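Engineer: Contents of target-v5.pdb (PDB, C-alpha atoms) are below:
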```pdb
MODEL        1
ATOM      1  CA  MET A 903      47.620  25.346   0.405
ATOM      2  CA  LYS A 904      49.583  22.760  -1.309
ATOM      3  CA  LYS A 905      51.026  23.472  -4.709
ATOM      4  CA  MET A 906      49.031  20.605  -6.222
ATOM      5  CA  THR A 907      45.734  21.958  -4.916
ATOM      6  CA  LYS A 908      46.580  25.468  -6.159
ATOM      7  CA  GLY A 909      47.431  24.051  -9.578
ATOM      8  CA  ALA A 910      44.141  22.146  -9.800
ATOM      9  CA  ILE A 911      42.186  25.282  -8.864
ATOM     10  CA  VAL A 912      43.985  27.399 -11.455
ATOM     11  CA  THR A 913      43.488  24.710 -14.135
ATOM     12  CA  GLY A 914      39.773  24.464 -13.269
ATOM     13  CA  LEU A 915      39.371  28.241 -13.527
ATOM     14  CA  GLY A 916      41.120  28.240 -16.880
ATOM     15  CA  VAL A 917      38.828  25.518 -18.274
ATOM     16  CA  ALA A 918      35.751  27.330 -16.890
ATOM     17  CA  LEU A 919      36.845  30.548 -18.607
ATOM     18  CA  LEU A 920      37.354  28.735 -21.904
ATOM     19  CA  LEU A 921      33.920  27.070 -21.732
ATOM     20  CA  GLY A 922      32.198  30.238 -20.513
ATOM     21  CA  GLY A 923      33.271  32.325 -23.466
ATOM     22  CA  GLY A 924      36.536  33.640 -22.152
ATOM     23  CA  GLY A 925      38.348  31.790 -24.944
ATOM     24  CA  THR A 926      37.545  29.628 -27.910
ATOM     25  CA  LEU A 927      36.372  26.073 -27.698
ATOM     26  CA  ALA A 928      34.901  25.134 -31.091
ATOM     27  CA  VAL A 929      31.868  22.825 -31.388
ATOM     28  CA  TRP A 930      30.533  22.382 -34.903
ATOM     29  CA  ASN A 931      26.800  22.488 -35.548
ATOM     30  CA  ASP A 932      24.363  23.087 -38.367
ATOM     31  CA  SER A 933      20.595  23.140 -38.925
ATOM     32  CA  VAL A 934      18.179  22.955 -41.816
ATOM     33  CA  GLU A 935      14.407  23.552 -42.054
ATOM     34  CA  SER A 936      12.383  20.470 -42.936
ATOM     35  CA  ASN A 937       9.622  22.176 -44.960
ATOM     36  CA  ALA A 938       7.238  19.514 -43.546
ATOM     37  CA  GLY A 939       4.067  21.221 -44.788
ATOM     38  CA  THR A 940       0.828  22.227 -43.069
ATOM     39  CA  LEU A 941      -1.598  19.906 -41.322
ATOM     40  CA  ALA A 942      -5.330  20.634 -41.014
ATOM     41  CA  SER A 943      -7.841  19.027 -38.672
ATOM     42  CA  GLY A 944     -11.097  17.524 -39.852
ATOM     43  CA  ASN A 945     -14.656  18.061 -38.660
ATOM     44  CA  LEU A 946     -17.436  16.076 -37.012
ATOM     45  CA  ASP A 947     -20.986  17.398 -37.242
ATOM     46  CA  LEU A 948     -24.552  16.114 -37.136
ATOM     47  CA  GLU A 949     -27.693  17.743 -38.527
ATOM     48  CA  ALA A 950     -31.192  16.275 -38.529
ATOM     49  CA  LYS A 951     -34.458  16.690 -40.360
ATOM     50  CA  PRO A 952     -37.813  16.272 -38.591
ATOM     51  CA  GLY A 953     -38.605  12.661 -37.774
ATOM     52  CA  VAL A 954     -41.650  10.454 -38.352
ATOM     53  CA  TRP A 955     -43.374   8.037 -35.947
ATOM     54  CA  THR A 956     -44.941   4.784 -37.168
ATOM     55  CA  ASN A 957     -46.803   2.028 -35.353
ATOM     56  CA  GLY A 958     -46.155  -1.713 -35.710
ATOM     57  CA  GLN A 959     -48.195  -1.824 -38.918
ATOM     58  CA  GLY A 960     -46.046   0.893 -40.514
ATOM     59  CA  GLU A 961     -48.785   3.550 -40.294
ATOM     60  CA  LYS A 962     -47.676   7.120 -39.603
ATOM     61  CA  ILE A 963     -48.886   8.347 -36.229
ATOM     62  CA  THR A 964     -48.895  11.565 -34.227
ATOM     63  CA  VAL A 965     -47.191  10.528 -31.023
ATOM     64  CA  GLU A 966     -48.866  13.265 -28.950
ATOM     65  CA  SER A 967     -52.351  11.870 -29.632
ATOM     66  CA  TYR A 968     -51.623   8.155 -30.135
ATOM     67  CA  ARG A 969     -52.687   5.771 -27.340
ATOM     68  CA  VAL A 970     -50.208   2.921 -27.035
ATOM     69  CA  VAL A 971     -51.142  -0.498 -25.581
ATOM     70  CA  PRO A 972     -48.965  -3.204 -23.977
ATOM     71  CA  GLY A 973     -47.146  -5.319 -26.568
ATOM     72  CA  GLU A 974     -47.021  -2.551 -29.154
ATOM     73  CA  MET A 975     -43.915  -1.226 -30.894
ATOM     74  CA  LEU A 976     -43.482   2.316 -32.172
ATOM     75  CA  THR A 977     -40.621   3.341 -34.452
ATOM     76  CA  TYR A 978     -39.101   6.783 -34.763
ATOM     77  CA  THR A 979     -37.329   7.391 -38.075
ATOM     78  CA  GLN A 980     -35.236  10.471 -38.733
ATOM     79  CA  VAL A 981     -32.910  11.507 -41.535
ATOM     80  CA  VAL A 982     -29.579  12.681 -40.142
ATOM     81  CA  ASN A 983     -26.720  14.242 -42.059
ATOM     82  CA  PRO A 984     -23.425  13.288 -40.438
ATOM     83  CA  THR A 985     -20.267  15.092 -41.486
ATOM     84  CA  LEU A 986     -17.136  13.045 -40.948
ATOM     85  CA  ASP A 987     -14.305  15.035 -42.462
ATOM     86  CA  GLY A 988     -11.098  13.244 -41.576
ATOM     87  CA  ASP A 989      -9.056  10.572 -43.310
ATOM     88  CA  LYS A 990      -9.325   8.049 -40.456
ATOM     89  CA  LEU A 991     -12.371   9.545 -38.723
ATOM     90  CA  GLN A 992     -15.075   7.175 -37.589
ATOM     91  CA  ALA A 993     -17.912   7.752 -35.156
ATOM     92  CA  THR A 994     -20.842   5.925 -33.605
ATOM     93  CA  LEU A 995     -24.403   7.155 -33.778
ATOM     94  CA  GLU A 996     -26.327   6.526 -30.565
ATOM     95  CA  VAL A 997     -29.820   7.262 -29.277
ATOM     96  CA  THR A 998     -29.890   9.818 -26.455
ATOM     97  CA  GLY A 999     -32.524  10.646 -23.866
ATOM     98  CA  VAL A1000     -33.354   6.998 -23.230
ATOM     99  CA  GLU A1001     -32.377   7.217 -19.544
ATOM    100  CA  THR A1002     -34.882  10.020 -18.960
ATOM    101  CA  LEU A1003     -37.610   8.117 -20.778
ATOM    102  CA  LYS A1004     -36.899   4.842 -18.960
ATOM    103  CA  ALA A1005     -36.644   6.525 -15.557
ATOM    104  CA  HIS A1006     -40.400   6.947 -15.751
ATOM    105  CA  ASN A1007     -41.054   3.215 -15.889
ATOM    106  CA  SER A1008     -37.983   1.224 -16.894
ATOM    107  CA  LYS A1009     -39.466  -2.261 -16.851
ATOM    108  CA  ASN A1010     -42.208  -1.569 -19.386
ATOM    109  CA  ILE A1011     -40.295  -0.023 -22.303
ATOM    110  CA  THR A1012     -37.346  -1.286 -24.347
ATOM    111  CA  VAL A1013     -35.406   0.922 -26.744
ATOM    112  CA  THR A1014     -33.345  -0.562 -29.585
ATOM    113  CA  GLU A1015     -30.080   0.760 -30.962
ATOM    114  CA  PRO A1016     -30.736   2.699 -34.152
ATOM    115  CA  THR A1017     -30.814   0.865 -37.461
ATOM    116  CA  LEU A1018     -28.968   2.964 -40.033
ATOM    117  CA  THR A1019     -29.814   3.003 -43.728
ATOM    118  CA  ASN A1020     -27.894   4.839 -46.441
ATOM    119  CA  ALA A1021     -29.414   6.918 -49.256
ATOM    120  CA  GLU A1022     -29.705   3.815 -51.493
ATOM    121  CA  GLY A1023     -31.808   2.047 -48.848
ATOM    122  CA  GLN A1024     -29.060  -0.358 -47.803
ATOM    123  CA  VAL A1025     -28.857  -1.135 -44.078
ATOM    124  CA  LEU A1026     -25.415  -0.276 -42.731
ATOM    125  CA  PRO A1027     -23.717  -3.161 -40.880
ATOM    126  CA  SER A1028     -23.332  -1.213 -37.631
ATOM    127  CA  THR A1029     -23.796   2.167 -36.004
ATOM    128  CA  VAL A1030     -20.145   3.005 -36.728
ATOM    129  CA  LEU A1031     -20.012   5.627 -39.456
ATOM    130  CA  THR A1032     -17.031   6.500 -41.624
ATOM    131  CA  LYS A1033     -16.367   9.073 -44.306
ATOM    132  CA  ALA A1034     -16.803   6.320 -46.910
ATOM    133  CA  ASN A1035     -20.357   5.385 -45.856
ATOM    134  CA  THR A1036     -21.613   8.928 -45.187
ATOM    135  CA  GLU A1037     -19.868  11.202 -47.679
ATOM    136  CA  ASP A1038     -22.347  13.533 -49.382
ATOM    137  CA  GLN A1039     -25.338  11.421 -48.384
ATOM    138  CA  PRO A1040     -27.772  11.386 -45.487
ATOM    139  CA  VAL A1041     -28.324   8.425 -43.201
ATOM    140  CA  THR A1042     -31.756   7.367 -41.976
ATOM    141  CA  ALA A1043     -31.825   6.327 -38.320
ATOM    142  CA  SER A1044     -34.729   4.196 -37.054
ATOM    143  CA  THR A1045     -35.207   3.423 -33.369
ATOM    144  CA  THR A1046     -37.906   1.126 -32.002
ATOM    145  CA  PHE A1047     -39.668   1.609 -28.678
ATOM    146  CA  ALA A1048     -41.322  -1.622 -27.488
ATOM    147  CA  PHE A1049     -43.943  -1.471 -24.747
ATOM    148  CA  SER A1050     -43.892  -4.634 -22.658
ATOM    149  CA  LEU A1051     -46.786  -7.056 -22.755
ATOM    150  CA  ASP A1052     -45.926  -7.957 -19.156
ATOM    151  CA  ALA A1053     -47.591  -4.886 -17.634
ATOM    152  CA  ASP A1054     -49.421  -5.990 -14.468
ATOM    153  CA  LYS A1055     -53.166  -5.449 -14.209
ATOM    154  CA  GLN A1056     -53.791  -1.732 -14.752
ATOM    155  CA  GLU A1057     -50.095  -0.742 -14.692
ATOM    156  CA  ASN A1058     -49.336   2.205 -16.989
ATOM    157  CA  THR A1059     -52.963   2.843 -17.929
ATOM    158  CA  LYS A1060     -53.579   6.516 -18.678
ATOM    159  CA  ASP A1061     -49.829   7.070 -18.376
ATOM    160  CA  THR A1062     -47.563   9.265 -20.486
ATOM    161  CA  TRP A1063     -44.021   8.996 -21.779
ATOM    162  CA  ASP A1064     -42.086  12.109 -22.712
ATOM    163  CA  PHE A1065     -40.086  11.570 -25.919
ATOM    164  CA  SER A1066     -38.935  15.199 -26.152
ATOM    165  CA  GLU A1067     -35.380  14.356 -25.051
ATOM    166  CA  ILE A1068     -34.919  11.504 -27.531
ATOM    167  CA  GLY A1069     -32.254  12.382 -30.054
ATOM    168  CA  TYR A1070     -29.084  11.156 -31.699
ATOM    169  CA  TYR A1071     -25.476  11.623 -30.631
ATOM    170  CA  LEU A1072     -22.460  11.268 -32.912
ATOM    171  CA  GLU A1073     -19.242  10.432 -31.060
ATOM    172  CA  GLN A1074     -15.779   9.994 -32.527
ATOM    173  CA  GLN A1075     -14.134   6.619 -32.025
ATOM    174  CA  ALA A1076     -10.405   6.067 -31.652
ATOM    175  CA  PRO A1077      -8.807   5.524 -35.058
ATOM    176  CA  THR A1078      -7.858   1.978 -35.939
ATOM    177  CA  SER A1079      -4.263   1.384 -36.913
TER
ENDMDL
END
```
Write out the structure in this file as structure tokens.
Structural biologist:
Amino acid sequence: MKKMTKGAIVTGLGVALLLGGGGTLAVWNDSVESNAGTLASGNLDLEAKPGVWTNGQGEKITVESYRVVPGEMLTYTQVVNPTLDGDKLQATLEVTGVETLKAHNSKNITVTEPTLTNAEGQVLPSTVLTKANTEDQPVTASTTFAFSLDADKQENTKDTWDFSEIGYYLEQQAPTS
């Protein structure tokens, strides 16, 4: 080998030994703990009380024995207790089970989005709930089921609709900035 190549190899080995702990090559460093605190997550929960059915005249009915006619509207009203425990938590309240109900005869029944009312009787502007409009107070959800007047001839006579899967679903929405 040439002397220059041997010198480069020896120099490289010497640097590798210094960096690998065979000598001292000082690099200053320091660290400190931030003491950033503890973060806790919130909670989303929904509880419900038994609901009440009313007909278009506002009379309470027993849905199992009531005989609906085309053009009629029935309303299901239920008190729900949403828990939205989170500083920026917001959630929508939706009706569930509608697909199962409508699968029976989709053209003859229309289901509205729930109307939400707070404990003071004020209608909330939307189905989006926040901690501010639900804290320590129940919300009343009312959903209307309209039976079409356009039923042909004897269509849907002596028919049944199963409302057992109708319920409410509370789903978190992405926080707004």
Engineer: In terms of the shortest atom-to-atom distance over all atoms listed in the file, which of A:Pro1040, A:Leu1051, A:Glu966, A:Tyr978 is closest to Gly1069 (chain A)?
Structural biologist: A:Tyr978
Engineer: For each of A:Asp1052, A:Gln1024, A:Tyr1071, A:Pro972, take the minimum atom-to-atom distance to Leu948 (chain A), counting all atoms listed in the file, then give the residue where this is smallest.
Structural biologist: A:Tyr1071
Engineer: Have a look at A:Thr1012, A:Ser1050, A:Asn1035, A:Thr1078 and name the one nearest to Pro984 (chain A); count only C-alpha atoms.
Structural biologist: A:Asn1035
Engineer: Can you list, as a ChimeraX atom specification, every protein, DNA or RNA residue that comes within 10 Å of Gly1023 (chain A) when you count only C-alpha atoms, leaving out same-chain residues fewer than 4 positions away?
Structural biologist: /A:1018-1019,1041-1042
Engineer: Report the distance between CA of Thr998 (chain A) and CA of Asp1038 (chain A) in Å, rounded to one decimal place.
Structural biologist: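 Rounded to one decimal, the two atoms are 24.4 Å apart.
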Engineer: What does the structure give for the distance between CA of Thr1045 (chain A) and CA of Val1013 (chain A), in Å to one decimal?
Structural biologist: 7.1 Å
Engineer: Emit region 975-1006 of chain A of the structure in the block as a file comprising N, CA and C atoms, as a PDB file, in the first residue's frame.
Structural biologist:
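Listing of out-v3.pdb after writing:
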```pdb
ATOM      1  N   MET A 975    -100.179  11.945  11.703  1.00  0.00           N
ATOM      2  CA  MET A 975     -98.833  12.101  12.250  1.00  0.00           C
ATOM      3  C   MET A 975     -98.852  11.685  13.715  1.00  0.00           C
ATOM      4  N   LEU A 976     -97.866  10.870  14.082  1.00  0.00           N
ATOM      5  CA  LEU A 976     -97.683  10.475  15.475  1.00  0.00           C
ATOM      6  C   LEU A 976     -96.342  11.024  15.929  1.00  0.00           C
ATOM      7  N   THR A 977     -96.263  11.449  17.180  1.00  0.00           N
ATOM      8  CA  THR A 977     -95.016  12.003  17.709  1.00  0.00           C
ATOM      9  C   THR A 977     -94.590  11.203  18.925  1.00  0.00           C
ATOM     10  N   TYR A 978     -93.308  10.854  18.921  1.00  0.00           N
ATOM     11  CA  TYR A 978     -92.714  10.160  20.066  1.00  0.00           C
ATOM     12  C   TYR A 978     -91.831  11.162  20.788  1.00  0.00           C
ATOM     13  N   THR A 979     -92.100  11.356  22.077  1.00  0.00           N
ATOM     14  CA  THR A 979     -91.345  12.320  22.884  1.00  0.00           C
ATOM     15  C   THR A 979     -90.695  11.583  24.041  1.00  0.00           C
ATOM     16  N   GLN A 980     -89.398  11.831  24.215  1.00  0.00           N
ATOM     17  CA  GLN A 980     -88.641  11.123  25.242  1.00  0.00           C
ATOM     18  C   GLN A 980     -87.633  12.071  25.876  1.00  0.00           C
ATOM     19  N   VAL A 981     -87.562  12.026  27.194  1.00  0.00           N
ATOM     20  CA  VAL A 981     -86.558  12.815  27.912  1.00  0.00           C
ATOM     21  C   VAL A 981     -85.260  12.029  27.894  1.00  0.00           C
ATOM     22  N   VAL A 982     -84.196  12.680  27.426  1.00  0.00           N
ATOM     23  CA  VAL A 982     -82.871  12.065  27.405  1.00  0.00           C
ATOM     24  C   VAL A 982     -81.927  12.925  28.238  1.00  0.00           C
ATOM     25  N   ASN A 983     -81.002  12.276  28.877  1.00  0.00           N
ATOM     26  CA  ASN A 983     -80.013  12.979  29.705  1.00  0.00           C
ATOM     27  C   ASN A 983     -78.636  12.792  29.087  1.00  0.00           C
ATOM     28  N   PRO A 984     -78.216  13.730  28.231  1.00  0.00           N
ATOM     29  CA  PRO A 984     -76.881  13.610  27.659  1.00  0.00           C
ATOM     30  C   PRO A 984     -75.826  14.118  28.634  1.00  0.00           C
ATOM     31  N   THR A 985     -74.710  13.433  28.674  1.00  0.00           N
ATOM     32  CA  THR A 985     -73.549  13.890  29.433  1.00  0.00           C
ATOM     33  C   THR A 985     -72.468  14.235  28.426  1.00  0.00           C
ATOM     34  N   LEU A 986     -72.095  15.492  28.389  1.00  0.00           N
ATOM     35  CA  LEU A 986     -71.015  15.942  27.523  1.00  0.00           C
ATOM     36  C   LEU A 986     -69.975  16.595  28.423  1.00  0.00           C
ATOM     37  N   ASP A 987     -69.037  15.818  28.875  1.00  0.00           N
ATOM     38  CA  ASP A 987     -68.014  16.284  29.792  1.00  0.00           C
ATOM     39  C   ASP A 987     -66.712  16.455  29.027  1.00  0.00           C
ATOM     40  N   GLY A 988     -66.497  17.633  28.531  1.00  0.00           N
ATOM     41  CA  GLY A 988     -65.289  17.956  27.776  1.00  0.00           C
ATOM     42  C   GLY A 988     -65.361  19.413  27.380  1.00  0.00           C
ATOM     43  N   ASP A 989     -64.264  20.126  27.497  1.00  0.00           N
ATOM     44  CA  ASP A 989     -64.287  21.569  27.266  1.00  0.00           C
ATOM     45  C   ASP A 989     -64.761  21.948  25.865  1.00  0.00           C
ATOM     46  N   LYS A 990     -64.383  21.207  24.861  1.00  0.00           N
ATOM     47  CA  LYS A 990     -64.786  21.517  23.480  1.00  0.00           C
ATOM     48  C   LYS A 990     -65.686  20.429  22.905  1.00  0.00           C
ATOM     49  N   LEU A 991     -66.250  19.580  23.756  1.00  0.00           N
ATOM     50  CA  LEU A 991     -67.053  18.461  23.295  1.00  0.00           C
ATOM     51  C   LEU A 991     -68.409  18.927  22.779  1.00  0.00           C
ATOM     52  N   GLN A 992     -68.755  18.457  21.613  1.00  0.00           N
ATOM     53  CA  GLN A 992     -70.087  18.668  21.066  1.00  0.00           C
ATOM     54  C   GLN A 992     -70.490  17.393  20.340  1.00  0.00           C
ATOM     55  N   ALA A 993     -71.802  17.134  20.328  1.00  0.00           N
ATOM     56  CA  ALA A 993     -72.292  15.894  19.743  1.00  0.00           C
ATOM     57  C   ALA A 993     -73.665  16.126  19.124  1.00  0.00           C
ATOM     58  N   THR A 994     -74.011  15.302  18.149  1.00  0.00           N
ATOM     59  CA  THR A 994     -75.340  15.382  17.557  1.00  0.00           C
ATOM     60  C   THR A 994     -76.200  14.255  18.106  1.00  0.00           C
ATOM     61  N   LEU A 995     -77.472  14.554  18.253  1.00  0.00           N
ATOM     62  CA  LEU A 995     -78.444  13.564  18.689  1.00  0.00           C
ATOM     63  C   LEU A 995     -79.279  13.201  17.473  1.00  0.00           C
ATOM     64  N   GLU A 996     -79.272  11.913  17.125  1.00  0.00           N
ATOM     65  CA  GLU A 996     -79.979  11.438  15.941  1.00  0.00           C
ATOM     66  C   GLU A 996     -80.966  10.347  16.314  1.00  0.00           C
ATOM     67  N   VAL A 997     -81.981  10.166  15.473  1.00  0.00           N
ATOM     68  CA  VAL A 997     -82.935   9.078  15.634  1.00  0.00           C
ATOM     69  C   VAL A 997     -82.318   7.833  15.001  1.00  0.00           C
ATOM     70  N   THR A 998     -82.416   6.699  15.681  1.00  0.00           N
ATOM     71  CA  THR A 998     -81.927   5.441  15.122  1.00  0.00           C
ATOM     72  C   THR A 998     -83.090   4.489  14.886  1.00  0.00           C
ATOM     73  N   GLY A 999     -82.843   3.467  14.103  1.00  0.00           N
ATOM     74  CA  GLY A 999     -83.851   2.449  13.830  1.00  0.00           C
ATOM     75  C   GLY A 999     -84.797   2.816  12.710  1.00  0.00           C
ATOM     76  N   VAL A1000     -84.610   3.978  12.110  1.00  0.00           N
ATOM     77  CA  VAL A1000     -85.500   4.438  11.050  1.00  0.00           C
ATOM     78  C   VAL A1000     -85.383   3.537   9.814  1.00  0.00           C
ATOM     79  N   GLU A1001     -84.181   3.088   9.500  1.00  0.00           N
ATOM     80  CA  GLU A1001     -83.976   2.250   8.316  1.00  0.00           C
ATOM     81  C   GLU A1001     -84.779   0.961   8.427  1.00  0.00           C
ATOM     82  N   THR A1002     -84.788   0.353   9.605  1.00  0.00           N
ATOM     83  CA  THR A1002     -85.553  -0.870   9.816  1.00  0.00           C
ATOM     84  C   THR A1002     -87.039  -0.604   9.666  1.00  0.00           C
ATOM     85  N   LEU A1003     -87.504   0.481  10.230  1.00  0.00           N
ATOM     86  CA  LEU A1003     -88.915   0.848  10.145  1.00  0.00           C
ATOM     87  C   LEU A1003     -89.320   1.122   8.697  1.00  0.00           C
ATOM     88  N   LYS A1004     -88.496   1.892   7.979  1.00  0.00           N
ATOM     89  CA  LYS A1004     -88.825   2.276   6.610  1.00  0.00           C
ATOM     90  C   LYS A1004     -88.644   1.131   5.627  1.00  0.00           C
ATOM     91  N   ALA A1005     -87.847   0.137   5.974  1.00  0.00           N
ATOM     92  CA  ALA A1005     -87.650  -1.001   5.074  1.00  0.00           C
ATOM     93  C   ALA A1005     -88.971  -1.724   4.853  1.00  0.00           C
ATOM     94  N   HIS A1006     -89.848  -1.632   5.823  1.00  0.00           N
ATOM     95  CA  HIS A1006     -91.154  -2.280   5.715  1.00  0.00           C
ATOM     96  C   HIS A1006     -91.968  -1.674   4.574  1.00  0.00           C
TER      97      HIS A1006
END
```
